[in-house]
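Structure data (TSV, C-alpha atoms) from data.tsv:
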```tsv
chain	number	residue	atom	x	y	z
A	1	MET	CA	-20.94	55.37	-50.06
A	2	GLU	CA	-18.49	53.90	-52.54
A	3	ILE	CA	-18.04	50.19	-53.11
A	4	ALA	CA	-14.39	50.35	-51.96
A	5	GLU	CA	-15.41	51.91	-48.62
A	6	VAL	CA	-18.17	49.31	-48.07
A	7	THR	CA	-15.71	46.51	-48.87
A	8	ARG	CA	-13.15	47.98	-46.46
A	9	LYS	CA	-15.75	48.24	-43.64
A	10	PHE	CA	-16.96	44.69	-44.29
A	11	SER	CA	-13.37	43.36	-44.23
A	12	PHE	CA	-12.74	45.18	-40.95
A	13	MET	CA	-15.91	43.64	-39.44
A	14	LYS	CA	-14.81	40.16	-40.57
A	15	PHE	CA	-11.39	40.79	-39.00
A	16	ARG	CA	-12.98	41.90	-35.68
A	17	PHE	CA	-15.29	38.87	-35.64
A	18	ALA	CA	-12.41	36.48	-36.39
A	19	SER	CA	-10.27	38.11	-33.68
A	20	PHE	CA	-13.08	37.86	-31.14
A	21	PHE	CA	-13.72	34.22	-32.05
A	22	PHE	CA	-10.01	33.37	-31.77
A	23	ALA	CA	-9.72	35.10	-28.37
A	24	LEU	CA	-12.80	33.23	-27.13
A	25	LEU	CA	-11.37	29.93	-28.35
A	26	LEU	CA	-8.02	30.64	-26.70
A	27	ALA	CA	-9.65	31.63	-23.41
A	28	SER	CA	-11.76	28.49	-23.27
A	29	ALA	CA	-8.75	26.26	-24.01
A	30	SER	CA	-6.60	27.89	-21.37
A	31	SER	CA	-9.31	27.71	-18.71
A	32	SER	CA	-9.56	23.93	-19.09
A	33	ALA	CA	-5.79	23.37	-18.92
A	34	ARG	CA	-4.25	22.69	-15.53
A	35	ASP	CA	-1.88	25.35	-14.30
A	36	PHE	CA	1.32	23.70	-13.11
A	37	VAL	CA	3.42	26.86	-13.45
A	38	THR	CA	1.99	29.42	-11.04
A	39	ASN	CA	0.09	27.29	-8.52
A	40	THR	CA	2.66	24.65	-7.69
A	41	THR	CA	5.67	23.73	-5.64
A	42	VAL	CA	8.45	22.24	-7.73
A	43	ILE	CA	11.04	19.90	-6.28
A	44	GLY	CA	13.97	18.91	-8.47
A	45	CYS	CA	16.06	15.78	-7.90
A	46	GLY	CA	19.19	14.59	-9.64
A	47	PRO	CA	22.90	13.86	-9.24
A	48	LYS	CA	23.48	17.59	-8.64
A	49	LYS	CA	21.43	20.75	-8.85
A	50	PRO	CA	21.74	22.28	-12.33
A	51	GLU	CA	22.25	26.02	-12.62
A	52	PHE	CA	19.12	26.22	-14.80
A	53	PHE	CA	16.55	23.62	-15.84
A	54	SER	CA	17.52	24.29	-19.45
A	55	SER	CA	21.10	23.29	-18.65
A	56	VAL	CA	20.00	19.65	-18.19
A	57	GLU	CA	21.19	18.10	-21.43
A	58	MET	CA	18.71	15.88	-23.22
A	59	ILE	CA	21.11	12.95	-23.01
A	60	ASN	CA	21.14	13.29	-19.19
A	61	ALA	CA	17.38	13.83	-18.75
A	62	TYR	CA	16.99	10.29	-17.38
A	63	LYS	CA	19.04	11.34	-14.31
A	64	TYR	CA	16.64	14.14	-13.28
A	65	PHE	CA	13.13	14.36	-11.84
A	66	PHE	CA	11.04	17.51	-11.47
A	67	VAL	CA	7.95	17.03	-9.29
A	68	HIS	CA	5.28	19.71	-9.77
A	69	LYS	CA	2.81	19.59	-6.87
A	70	ALA	CA	-0.44	21.54	-7.09
A	71	LYS	CA	-2.24	22.87	-4.04
A	72	ASN	CA	-5.20	20.53	-4.72
A	73	GLY	CA	-3.01	17.38	-4.45
A	74	ASP	CA	-2.50	16.75	-8.17
A	75	TYR	CA	1.06	16.39	-9.36
A	76	VAL	CA	3.06	15.94	-12.54
A	77	ILE	CA	6.56	14.47	-12.64
A	78	TRP	CA	8.86	15.32	-15.54
A	79	HIS	CA	11.45	12.59	-16.08
A	80	ASP	CA	13.46	11.60	-19.16
A	81	ASN	CA	11.44	13.98	-21.38
A	82	PHE	CA	8.11	12.39	-20.38
A	83	GLN	CA	5.35	13.68	-18.09
A	84	TYR	CA	3.78	11.40	-15.49
A	85	ALA	CA	0.51	12.92	-14.21
A	86	SER	CA	-1.50	11.79	-11.19
A	87	PHE	CA	-4.83	12.79	-12.74
A	88	GLU	CA	-4.59	11.33	-16.26
A	89	GLN	CA	-2.74	8.95	-18.52
A	90	LYS	CA	-0.64	10.86	-21.02
A	91	GLN	CA	-0.27	9.44	-24.49
A	92	TYR	CA	2.93	9.79	-26.50
A	93	HIS	CA	3.08	8.85	-30.15
A	94	GLN	CA	5.82	6.55	-31.42
A	95	LEU	CA	8.44	8.78	-33.02
A	96	TYR	CA	11.86	8.14	-34.44
A	97	VAL	CA	13.38	10.02	-31.48
A	98	GLN	CA	10.95	8.93	-28.74
A	99	ASN	CA	9.22	5.74	-27.66
A	100	GLY	CA	5.45	5.81	-27.82
A	101	GLY	CA	3.14	4.75	-25.05
A	102	HIS	CA	1.14	5.92	-22.03
A	103	THR	CA	2.47	7.33	-18.77
A	104	SER	CA	0.80	7.47	-15.38
A	105	THR	CA	1.84	7.65	-11.74
A	106	THR	CA	0.68	6.87	-8.22
A	107	MET	CA	2.03	8.11	-4.90
A	108	GLN	CA	1.89	7.17	-1.26
A	109	VAL	CA	3.69	8.46	1.83
A	110	VAL	CA	5.30	5.83	4.06
A	111	GLU	CA	7.01	7.02	7.27
A	112	GLY	CA	7.57	10.48	5.80
A	113	ILE	CA	9.05	9.18	2.54
A	114	GLU	CA	7.18	10.00	-0.69
A	115	ARG	CA	6.99	6.86	-2.87
A	116	TYR	CA	6.10	7.48	-6.51
A	117	SER	CA	5.49	4.72	-9.07
A	118	LEU	CA	6.16	6.05	-12.57
A	119	ASN	CA	4.47	3.72	-15.04
A	120	PHE	CA	5.29	3.64	-18.75
A	121	ARG	CA	3.23	1.30	-20.93
A	122	GLU	CA	4.90	1.12	-24.32
A	123	THR	CA	3.01	0.89	-27.59
A	124	SER	CA	4.16	-2.75	-27.77
A	125	GLY	CA	2.33	-3.48	-24.48
A	126	LEU	CA	5.47	-3.79	-22.32
A	127	THR	CA	5.11	-1.92	-19.01
A	128	ARG	CA	8.05	-0.50	-17.07
A	129	THR	CA	7.66	0.88	-13.56
A	130	ARG	CA	10.25	3.18	-12.01
A	131	ILE	CA	10.08	3.64	-8.25
A	132	LEU	CA	11.09	7.08	-7.01
A	133	LEU	CA	11.59	7.62	-3.28
A	134	ILE	CA	11.97	11.21	-2.08
A	135	ASP	CA	12.89	12.10	1.49
A	136	PRO	CA	11.63	15.68	1.82
A	137	ASN	CA	13.27	16.12	5.24
A	138	ASN	CA	16.80	15.27	4.06
A	139	MET	CA	16.21	16.36	0.43
A	140	THR	CA	17.58	13.13	-1.06
A	141	PHE	CA	16.18	10.56	-3.47
A	142	VAL	CA	16.62	6.99	-4.66
A	143	SER	CA	15.16	5.72	-7.93
A	144	ARG	CA	15.15	2.27	-9.46
A	145	ILE	CA	13.74	0.12	-12.23
A	146	ALA	CA	13.83	-3.62	-11.53
A	147	GLY	CA	17.00	-5.16	-12.97
A	148	PHE	CA	18.99	-1.91	-13.06
A	149	GLN	CA	21.32	-0.18	-10.62
A	150	PRO	CA	19.57	2.42	-8.43
A	151	MET	CA	20.15	6.13	-8.93
A	152	MET	CA	20.72	8.29	-5.86
A	153	GLY	CA	21.18	11.99	-5.42
A	154	VAL	CA	20.05	15.25	-3.95
A	155	CYS	CA	16.79	17.17	-4.15
A	156	TRP	CA	16.23	20.90	-4.00
A	157	LEU	CA	13.31	23.28	-3.88
A	158	GLU	CA	13.08	24.65	-7.38
A	159	LYS	CA	9.98	26.79	-6.75
A	160	ASN	CA	7.70	27.27	-3.78
```

How would this structure read if it were set down as structure tokens?
Amino acid sequence: MEIAEVTRKFSFMKFRFASFFFALLLASASSSARDFVTNTTVIGCGPKKPEFFSSVEMINAYKYFFVHKAKNGDYVIWHDNFQYASFEQKQYHQLYVQNGGHTSTTMQVVEGIERYSLNFRETSGLTRTRILLIDPNNMTFVSRIAGFQPMMGVCWLEKN
């Protein structure tokens, strides 16, 4: 066997091992991530239903809420380019284009109305809480931060 052939076989074995290791690493990472795409109901709320989620302009993201509800009771709310998860605090780094801090949320149902508290604790320590009320029977919402005018609008079933 020539040296070139041995080198080629060894390189192929290294490639196969690296590919296997990468696939194993990818599989373990994806199994620990929560699946909020296929196993959820998504309710969107805003001033009007956009034709596509991607048509919500970044400058108008504060007007929209997308509530992803998992079958096990966990949920994640996307609002103003931040995620508010019921099962963890999410950390965002201070960037030039985005405030840094931690987000979290709690929810309770009162007389059929879903009441979400979206909490944002800024890097500076200041905490802002937005209250989001969703009426799933009438598919409407009201949202407010203390000291600001409330936002009201419609909700729709984005995905069931």

Å distance separating CA of Val109 in chain A from CA of Arg128 in chain A, one decimal place: 21.4 Å

Contacts of Asn160 in chain A at 7 Å (all atoms listed in the file; same-chain gap of 5+ positions) as a ChimeraX atom specification: /A:40-42

Thr106 in chain A surroundings by all atoms listed in the file, 8 Å radius, close-in-sequence under 2 positions cut, as a PyMOL selection string: chain A and resi 86+104+108+116-118

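For the atom pair formed by CA of Val154 in chain A and CA of Asp135 in chain A, the distance is 9.5 Å, given to one decimal.
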
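With only C-alpha atoms as the atoms that count, the residue of A:Gln83, A:Trp156, A:Asn60, A:Arg121 with the shortest distance to Phe141 in chain A is A:Trp156.
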
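Omitting Tyr62 in chain A and its sequence neighbours fewer than 3 positions away, and counting only C-alpha atoms, the residues within 9 Å are Met58, Ile59, Phe65, His79, Asp80 and Asn81 of chain A.
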
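Between Pro150 in chain A and the residues A:Phe82, A:Lys63, A:Ser55, A:Lys48, the shortest atom-to-atom distance, using all atoms listed in the file, involves A:Lys63.
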
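Among the candidate residues A:Arg130, A:Cys45, A:Glu57, A:Thr103, the one lying nearest to Ile145 in chain A is A:Arg130, with distances computed using all atoms listed in the file.
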
Distance of CA of Ile113 in chain A from CA of Ile134 in chain A, expressed in Å to one decimal place: 5.8 Å

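Using only C-alpha atoms, the smallest distance between any of A:Thr140, A:Gln89, A:Gln149, A:Thr105 and Gly44 in chain A comes from A:Thr140.
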
Which residue of A:Gly46, A:Asn138, A:Asn39, A:Ala85 approaches Met151 in chain A most closely, using all atoms listed in the file: A:Gly46

Reconstruct range 118-143 of chain A at the level of N, CA and C atoms, and format the result as a PDB file, in the coordinates of the input.
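File result27.pdb, as written:
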```
ATOM      1  N   LEU A 118       6.267   5.458 -11.236  1.00  0.00           N
ATOM      2  CA  LEU A 118       6.160   6.050 -12.570  1.00  0.00           C
ATOM      3  C   LEU A 118       5.996   4.905 -13.565  1.00  0.00           C
ATOM      4  N   ASN A 119       4.821   4.826 -14.162  1.00  0.00           N
ATOM      5  CA  ASN A 119       4.470   3.720 -15.040  1.00  0.00           C
ATOM      6  C   ASN A 119       4.514   4.161 -16.496  1.00  0.00           C
ATOM      7  N   PHE A 120       5.212   3.374 -17.307  1.00  0.00           N
ATOM      8  CA  PHE A 120       5.290   3.640 -18.750  1.00  0.00           C
ATOM      9  C   PHE A 120       4.881   2.372 -19.478  1.00  0.00           C
ATOM     10  N   ARG A 121       3.720   2.425 -20.135  1.00  0.00           N
ATOM     11  CA  ARG A 121       3.230   1.300 -20.930  1.00  0.00           C
ATOM     12  C   ARG A 121       3.521   1.610 -22.392  1.00  0.00           C
ATOM     13  N   GLU A 122       4.476   0.873 -22.947  1.00  0.00           N
ATOM     14  CA  GLU A 122       4.900   1.120 -24.320  1.00  0.00           C
ATOM     15  C   GLU A 122       3.825   0.719 -25.312  1.00  0.00           C
ATOM     16  N   THR A 123       3.951   1.228 -26.521  1.00  0.00           N
ATOM     17  CA  THR A 123       3.010   0.890 -27.590  1.00  0.00           C
ATOM     18  C   THR A 123       2.961  -0.615 -27.811  1.00  0.00           C
ATOM     19  N   SER A 124       4.089  -1.291 -27.596  1.00  0.00           N
ATOM     20  CA  SER A 124       4.160  -2.750 -27.770  1.00  0.00           C
ATOM     21  C   SER A 124       3.409  -3.507 -26.683  1.00  0.00           C
ATOM     22  N   GLY A 125       3.029  -2.832 -25.589  1.00  0.00           N
ATOM     23  CA  GLY A 125       2.330  -3.480 -24.480  1.00  0.00           C
ATOM     24  C   GLY A 125       3.212  -3.708 -23.272  1.00  0.00           C
ATOM     25  N   LEU A 126       4.534  -3.623 -23.432  1.00  0.00           N
ATOM     26  CA  LEU A 126       5.470  -3.790 -22.320  1.00  0.00           C
ATOM     27  C   LEU A 126       5.302  -2.635 -21.331  1.00  0.00           C
ATOM     28  N   THR A 127       5.236  -2.958 -20.036  1.00  0.00           N
ATOM     29  CA  THR A 127       5.110  -1.920 -19.010  1.00  0.00           C
ATOM     30  C   THR A 127       6.366  -1.901 -18.152  1.00  0.00           C
ATOM     31  N   ARG A 128       6.904  -0.704 -17.959  1.00  0.00           N
ATOM     32  CA  ARG A 128       8.050  -0.500 -17.070  1.00  0.00           C
ATOM     33  C   ARG A 128       7.605   0.405 -15.932  1.00  0.00           C
ATOM     34  N   THR A 129       7.990   0.059 -14.718  1.00  0.00           N
ATOM     35  CA  THR A 129       7.660   0.880 -13.560  1.00  0.00           C
ATOM     36  C   THR A 129       8.952   1.305 -12.879  1.00  0.00           C
ATOM     37  N   ARG A 130       9.117   2.615 -12.743  1.00  0.00           N
ATOM     38  CA  ARG A 130      10.250   3.180 -12.010  1.00  0.00           C
ATOM     39  C   ARG A 130       9.743   3.625 -10.655  1.00  0.00           C
ATOM     40  N   ILE A 131      10.419   3.206  -9.598  1.00  0.00           N
ATOM     41  CA  ILE A 131      10.080   3.640  -8.250  1.00  0.00           C
ATOM     42  C   ILE A 131      10.979   4.814  -7.899  1.00  0.00           C
ATOM     43  N   LEU A 132      10.375   5.887  -7.436  1.00  0.00           N
ATOM     44  CA  LEU A 132      11.090   7.080  -7.010  1.00  0.00           C
ATOM     45  C   LEU A 132      10.754   7.335  -5.553  1.00  0.00           C
ATOM     46  N   LEU A 133      11.761   7.319  -4.698  1.00  0.00           N
ATOM     47  CA  LEU A 133      11.590   7.620  -3.280  1.00  0.00           C
ATOM     48  C   LEU A 133      12.230   8.960  -2.986  1.00  0.00           C
ATOM     49  N   ILE A 134      11.455   9.879  -2.436  1.00  0.00           N
ATOM     50  CA  ILE A 134      11.970  11.210  -2.080  1.00  0.00           C
ATOM     51  C   ILE A 134      11.811  11.396  -0.580  1.00  0.00           C
ATOM     52  N   ASP A 135      12.913  11.754   0.067  1.00  0.00           N
ATOM     53  CA  ASP A 135      12.890  12.100   1.490  1.00  0.00           C
ATOM     54  C   ASP A 135      12.877  13.618   1.586  1.00  0.00           C
ATOM     55  N   PRO A 136      11.707  14.221   1.806  1.00  0.00           N
ATOM     56  CA  PRO A 136      11.630  15.680   1.820  1.00  0.00           C
ATOM     57  C   PRO A 136      12.334  16.321   3.021  1.00  0.00           C
ATOM     58  N   ASN A 137      12.576  15.555   4.076  1.00  0.00           N
ATOM     59  CA  ASN A 137      13.270  16.120   5.240  1.00  0.00           C
ATOM     60  C   ASN A 137      14.773  16.253   4.991  1.00  0.00           C
ATOM     61  N   ASN A 138      15.361  15.243   4.351  1.00  0.00           N
ATOM     62  CA  ASN A 138      16.800  15.270   4.060  1.00  0.00           C
ATOM     63  C   ASN A 138      17.110  15.727   2.644  1.00  0.00           C
ATOM     64  N   MET A 139      16.065  15.921   1.825  1.00  0.00           N
ATOM     65  CA  MET A 139      16.210  16.360   0.430  1.00  0.00           C
ATOM     66  C   MET A 139      17.163  15.443  -0.337  1.00  0.00           C
ATOM     67  N   THR A 140      16.849  14.139  -0.299  1.00  0.00           N
ATOM     68  CA  THR A 140      17.580  13.130  -1.060  1.00  0.00           C
ATOM     69  C   THR A 140      16.579  12.246  -1.788  1.00  0.00           C
ATOM     70  N   PHE A 141      17.067  11.477  -2.760  1.00  0.00           N
ATOM     71  CA  PHE A 141      16.180  10.560  -3.470  1.00  0.00           C
ATOM     72  C   PHE A 141      16.930   9.284  -3.849  1.00  0.00           C
ATOM     73  N   VAL A 142      16.151   8.250  -4.094  1.00  0.00           N
ATOM     74  CA  VAL A 142      16.620   6.990  -4.660  1.00  0.00           C
ATOM     75  C   VAL A 142      15.589   6.605  -5.714  1.00  0.00           C
ATOM     76  N   SER A 143      16.055   6.134  -6.867  1.00  0.00           N
ATOM     77  CA  SER A 143      15.160   5.720  -7.930  1.00  0.00           C
ATOM     78  C   SER A 143      15.675   4.421  -8.528  1.00  0.00           C
TER      79      SER A 143
END
```
